[in-house]
$ cat input01.txt   # compact mmCIF, C-alpha atoms
# COMPACT_ATOMS: atom_id res chain seq x y z
CA MET S 21 48.42 37.75 39.63
CA GLN S 22 47.00 39.15 36.37
CA GLU S 23 50.27 38.35 34.63
CA GLU S 24 50.04 34.69 35.72
CA LYS S 25 46.50 34.40 34.33
CA SER S 26 47.65 35.98 31.08
CA HIS S 27 50.32 33.29 30.63
CA VAL S 28 47.84 30.51 31.33
CA TYR S 29 45.36 31.89 28.80
CA THR S 30 48.14 32.25 26.23
CA ILE S 31 49.15 28.61 26.69
CA ILE S 32 45.53 27.44 26.39
CA LEU S 33 45.08 29.53 23.23
CA GLY S 34 48.29 28.10 21.76
CA VAL S 35 47.15 24.50 22.40
CA CYS S 36 43.76 25.20 20.79
CA MET S 37 45.40 26.74 17.72
CA LEU S 38 47.75 23.76 17.40
CA LEU S 39 44.81 21.31 17.55
CA CYS S 40 42.92 23.32 14.90
CA LEU S 41 45.96 23.31 12.61
CA LEU S 42 46.30 19.54 13.04
CA MET S 43 42.62 19.01 12.11
CA ILE S 44 42.94 21.26 9.05
CA GLY S 45 46.10 19.42 7.99
CA ARG S 46 44.34 16.07 8.34
CA MET S 47 41.47 17.28 6.14
CA LEU S 48 43.85 18.69 3.51
CA LEU S 49 45.81 15.43 3.36
CA GLY S 50 42.62 13.58 2.46
CA HIS S 51 41.95 11.71 5.66
CA PRO S 52 38.18 12.08 6.14
CA GLU S 53 36.56 11.57 9.47
CA GLN S 54 35.80 7.92 10.23
CA ASP S 55 32.08 8.73 10.55
CA ALA S 56 31.74 9.34 6.79
CA SER S 57 28.96 7.17 5.36
CA PRO S 58 28.93 5.47 1.95
CA GLU S 59 26.39 6.67 -0.60
CA ALA S 60 23.72 4.56 -2.30
CA ASP S 61 21.65 5.92 -5.19
CA GLY S 62 22.20 9.53 -4.16
CA LEU S 63 21.05 8.77 -0.62
CA THR S 64 23.44 8.61 2.24
CA LEU S 65 22.98 5.44 4.20
CA PRO S 66 22.32 6.30 7.82
CA GLU S 67 24.68 5.24 10.52
CA GLN S 68 24.19 1.55 11.00
CA GLU S 69 25.06 -0.24 14.15
CA GLU S 70 25.28 -3.97 14.57
CA THR S 71 21.57 -4.31 15.23
CA GLY S 72 19.85 -1.52 13.29
CA MET S 73 19.69 1.95 11.81
CA GLU S 74 17.71 5.17 11.95
CA LEU S 75 15.50 6.39 9.13
CA ARG S 76 15.36 10.17 9.46
CA GLU S 77 12.83 12.60 7.99
CA THR S 78 15.28 13.76 5.30
CA ASP S 79 15.91 10.13 4.26
CA LEU S 80 12.18 9.55 4.03
CA CYS S 81 11.71 12.65 1.83
CA GLU S 82 14.38 11.43 -0.61
CA LEU S 83 12.87 7.94 -0.75
CA MET S 84 9.43 9.38 -1.44
CA LYS S 85 10.75 11.64 -4.22
CA GLN S 86 12.18 8.57 -5.91
CA ALA S 87 9.07 6.46 -5.40
CA LEU S 88 6.35 8.87 -6.48
CA PRO S 89 5.38 8.72 -10.17
CA ILE S 90 4.86 12.50 -10.41
CA PRO S 91 7.40 15.33 -10.16
CA VAL S 92 7.51 16.77 -6.66
CA ARG S 93 8.22 20.48 -6.21
CA GLU S 94 8.56 20.38 -2.45
CA ILE S 95 8.26 17.68 0.19
CA THR S 96 8.37 17.66 3.97
CA ALA S 97 8.00 14.68 6.25
CA GLN S 98 7.48 14.48 9.96
CA ILE S 99 8.07 11.33 11.97
CA GLY S 100 6.38 11.58 15.35
CA ALA S 101 6.82 9.73 18.60
CA ASP S 102 3.03 9.20 18.40
CA GLU S 103 3.83 6.50 15.78
CA THR S 104 2.72 8.46 12.73
CA ILE S 105 4.45 9.68 9.61
CA SER S 106 2.97 12.88 8.16
CA VAL S 107 3.94 14.10 4.70
CA VAL S 108 3.11 17.30 2.81
CA ILE S 109 3.94 17.41 -0.90
CA LEU S 110 3.65 20.34 -3.28
CA VAL S 111 2.86 19.28 -6.86
CA SER S 112 1.62 20.92 -10.02
CA LYS S 113 -2.04 20.42 -10.92
CA GLN S 114 -0.95 19.81 -14.51
CA ASP S 115 1.50 17.09 -13.43
CA LEU S 116 -1.31 15.38 -11.52
CA GLN S 117 -3.60 15.50 -14.56
CA ASP S 118 -0.85 14.26 -16.90
CA SER S 119 0.13 11.38 -14.60
CA GLY S 120 -2.95 9.30 -15.33
CA LEU S 121 -3.14 8.40 -11.65
CA VAL S 122 -6.15 10.56 -10.86
CA PRO S 123 -9.46 8.68 -11.21
CA GLY S 124 -12.54 10.25 -12.84
CA GLY S 125 -14.28 11.72 -9.78
CA LEU S 126 -11.12 13.38 -8.52
CA ARG S 127 -10.19 14.59 -12.03
CA THR S 128 -13.26 16.84 -12.02
CA ALA S 129 -12.35 18.17 -8.57
CA LEU S 130 -8.83 18.98 -9.82
CA LEU S 131 -10.32 21.62 -12.10
CA PHE S 132 -11.12 23.73 -9.04
CA LEU S 133 -7.72 23.41 -7.39
CA PRO S 134 -4.94 26.01 -7.68
CA GLU S 135 -2.02 25.46 -10.09
CA GLU S 136 0.14 24.22 -7.22
CA CYS S 137 -1.59 21.68 -5.00
CA ARG S 138 -0.68 20.52 -1.54
CA MET S 139 -1.06 16.81 -0.93
CA TYR S 140 -1.21 15.68 2.67
CA GLY S 141 -1.01 12.17 4.04
CA SER S 142 -0.44 10.42 7.32
CA TRP S 143 0.63 6.82 7.77
CA THR S 144 1.47 4.32 10.43
CA ALA S 145 4.24 1.81 9.85
CA ALA S 146 4.80 -1.72 11.06
CA VAL S 147 7.17 -4.60 10.43
CA ALA S 148 5.84 -7.81 8.91
CA GLU S 149 8.09 -10.66 7.76
CA GLY S 150 11.20 -8.46 7.68
CA LYS S 151 9.55 -5.73 5.58
CA ILE S 152 8.12 -2.31 6.38
CA THR S 153 4.39 -2.02 5.78
CA LEU S 154 2.56 1.30 5.65
CA GLN S 155 -1.10 1.93 6.47
CA CYS S 156 -2.59 5.22 5.29
CA GLU S 157 -4.64 7.00 7.95
CA ASN S 158 -5.57 10.07 5.90
CA ALA S 159 -4.80 11.46 2.42
CA GLU S 160 -5.99 14.71 0.84
CA ILE S 161 -5.26 16.87 -2.19
CA GLY S 162 -6.19 20.48 -1.60
CA GLY S 163 -8.59 19.46 1.18
CA ILE S 164 -10.29 16.79 -0.97
CA SER S 165 -10.06 13.16 0.18
CA VAL S 166 -8.03 10.96 -2.13
CA PRO S 167 -9.75 7.78 -3.41
CA VAL S 168 -8.65 4.53 -1.77
CA GLU S 169 -7.27 2.98 -4.98
CA LEU S 170 -4.91 5.92 -5.53
CA VAL S 171 -3.81 5.94 -1.89
CA THR S 172 -3.15 2.20 -1.98
CA ALA S 173 -1.04 2.47 -5.16
CA LEU S 174 1.07 5.34 -3.81
CA THR S 175 1.45 3.72 -0.38
CA ASP S 176 2.66 0.48 -1.97
CA GLN S 177 5.22 2.37 -4.09
CA VAL S 178 6.61 4.25 -1.09
CA ALA S 179 6.79 1.07 1.02
CA ALA S 180 8.61 -0.73 -1.82
CA SER S 181 11.12 2.15 -2.03
CA ILE S 182 11.79 2.02 1.72
CA ASN S 183 12.21 -1.77 1.64
CA ALA S 184 14.61 -1.58 -1.33
CA TYR S 185 16.65 1.01 0.59
CA LEU S 186 16.80 -1.26 3.65
CA GLU S 187 17.77 -4.21 1.46
CA LYS S 188 20.72 -2.23 0.05
CA ALA S 189 21.75 -1.48 3.62
CA ASP S 190 21.56 -5.24 4.41
CA LEU S 191 18.99 -4.71 7.14
CA VAL S 192 16.04 -6.99 7.77
CA PRO S 193 13.97 -5.07 10.33
CA GLU S 194 12.20 -6.88 13.14
CA LYS S 195 11.12 -3.96 15.32
CA LEU S 196 10.36 -0.23 15.04
CA GLU S 197 11.11 2.37 17.68
CA TRP S 198 9.49 5.79 17.17
CA THR S 199 11.04 9.10 18.19
CA ASP S 200 10.34 12.65 17.09
CA GLY S 201 12.25 13.05 13.81
CA ALA S 202 13.42 9.45 13.33
CA LEU S 203 12.32 5.88 13.06
CA ARG S 204 14.74 3.37 14.58
CA LEU S 205 14.76 0.01 12.82
CA THR S 206 16.28 -2.88 14.75
CA ALA S 207 17.15 -6.30 13.43

$ encode --input "input01.txt" --output "structure tokens"
Amino acid sequence: MQEEKSHVYTIILGVCMLLCLLMIGRMLLGHPEQDASPEADGLTLPEQEETGMELRETDLCELMKQALPIPVREITAQIGADETISVVILVSKQDLQDSGLVPGGLRTALLFLPEECRMYGSWTAAVAEGKITLQCENAEIGGISVPVELVTALTDQVAASINAYLEKADLVPEKLEWTDGALRLTA
């Protein structure tokens, strides 16, 4: 009985090894998996179906890095099923001062911030006329509220970056579906 099981396990192991060798051979011969996505401006376009695509948190971080007019040291984004996008960015205080973006009242407050500042923001998103629009709910630098004019300028830049990305992917969104970790855009 044990000997019969041993032969069965040996056959199963042999089949698995043969399949692994076939997959390795396919990779070595240059036949990539059919799921490979084309690249656009350093960003990988997400899988696109006939009617839409998903914008993941990592995609959003890359788009924001490109859109922001200041060097970003670290960025994390969180897309929630509660229909919010939360972003935390680590920037240098000196880069903020040199950018010329910081208005007078906030410039004085920057003097009291540490050398590396955390910027926090939360937005909601909607679709209007085939474009993504963002509405800032809250924005802070080191616990200090960011003036409306600065928030508006940065929000507009990020929205423009997202819309340019969607345009390159030939997607005109009509509807948003929120999940934890991704935003599904349907056309």

$ closest_residue --input "input01.txt" --among "S:Ala207, S:Ala189, S:Ala129, S:Leu174" --to "Gln86 in chain S" --atoms "all atoms listed in the file"
S:Leu174

$ closest_residue --input "input01.txt" --among "S:Ala97, S:Asp118, S:Ser106, S:Gln177" --to "Glu160 in chain S" --atoms "all atoms listed in the file"
S:Ser106

$ closest_residue --input "input01.txt" --among "S:Glu77, S:Asp115, S:Glu194, S:Asp102" --to "Ala146 in chain S" --atoms "all atoms listed in the file"
S:Glu194

$ atom_distance --input "input01.txt" --atom1 "CA of Ser119 in chain S" --atom2 "CA of Ile90 in chain S"
6.4 Å

$ atom_distance --input "input01.txt" --atom1 "CA of Gly150 in chain S" --atom2 "CA of Val108 in chain S"
27.4 Å

$ atom_distance --input "input01.txt" --atom1 "CA of Leu205 in chain S" --atom2 "CA of Ile182 in chain S"
11.7 Å

$ closest_residue --input "input01.txt" --among "S:Glu74, S:Asp200, S:Glu187, S:Glu169" --to "Cys156 in chain S" --atoms "only C-alpha atoms"
S:Glu169

$ closest_residue --input "input01.txt" --among "S:Val107, S:Glu136, S:Leu196, S:Ile99" --to "Met84 in chain S" --atoms "only C-alpha atoms"
S:Val107

$ closest_residue --input "input01.txt" --among "S:Thr206, S:Gln98, S:Thr153, S:Thr144" --to "Asn183 in chain S" --atoms "only C-alpha atoms"
S:Thr153

$ residues_near_point --input "input01.txt" --point "(-11.3, 20.7, -3.0)" --cutoff "9 Å" --atoms "all atoms listed in the file" --output "ChimeraX atom specification"
/S:129-130,132-133,160-165

$ residues_around --input "input01.txt" --residues "Arg204 in chain S" --least-positions-apart "5" --cutoff "10 Å" --atoms "all atoms listed in the file" --output "list in words"
Gly72, Met73, Glu74, Leu75, Arg76, Pro193, Lys195, Leu196, Glu197, Trp198 and Thr199 of chain S
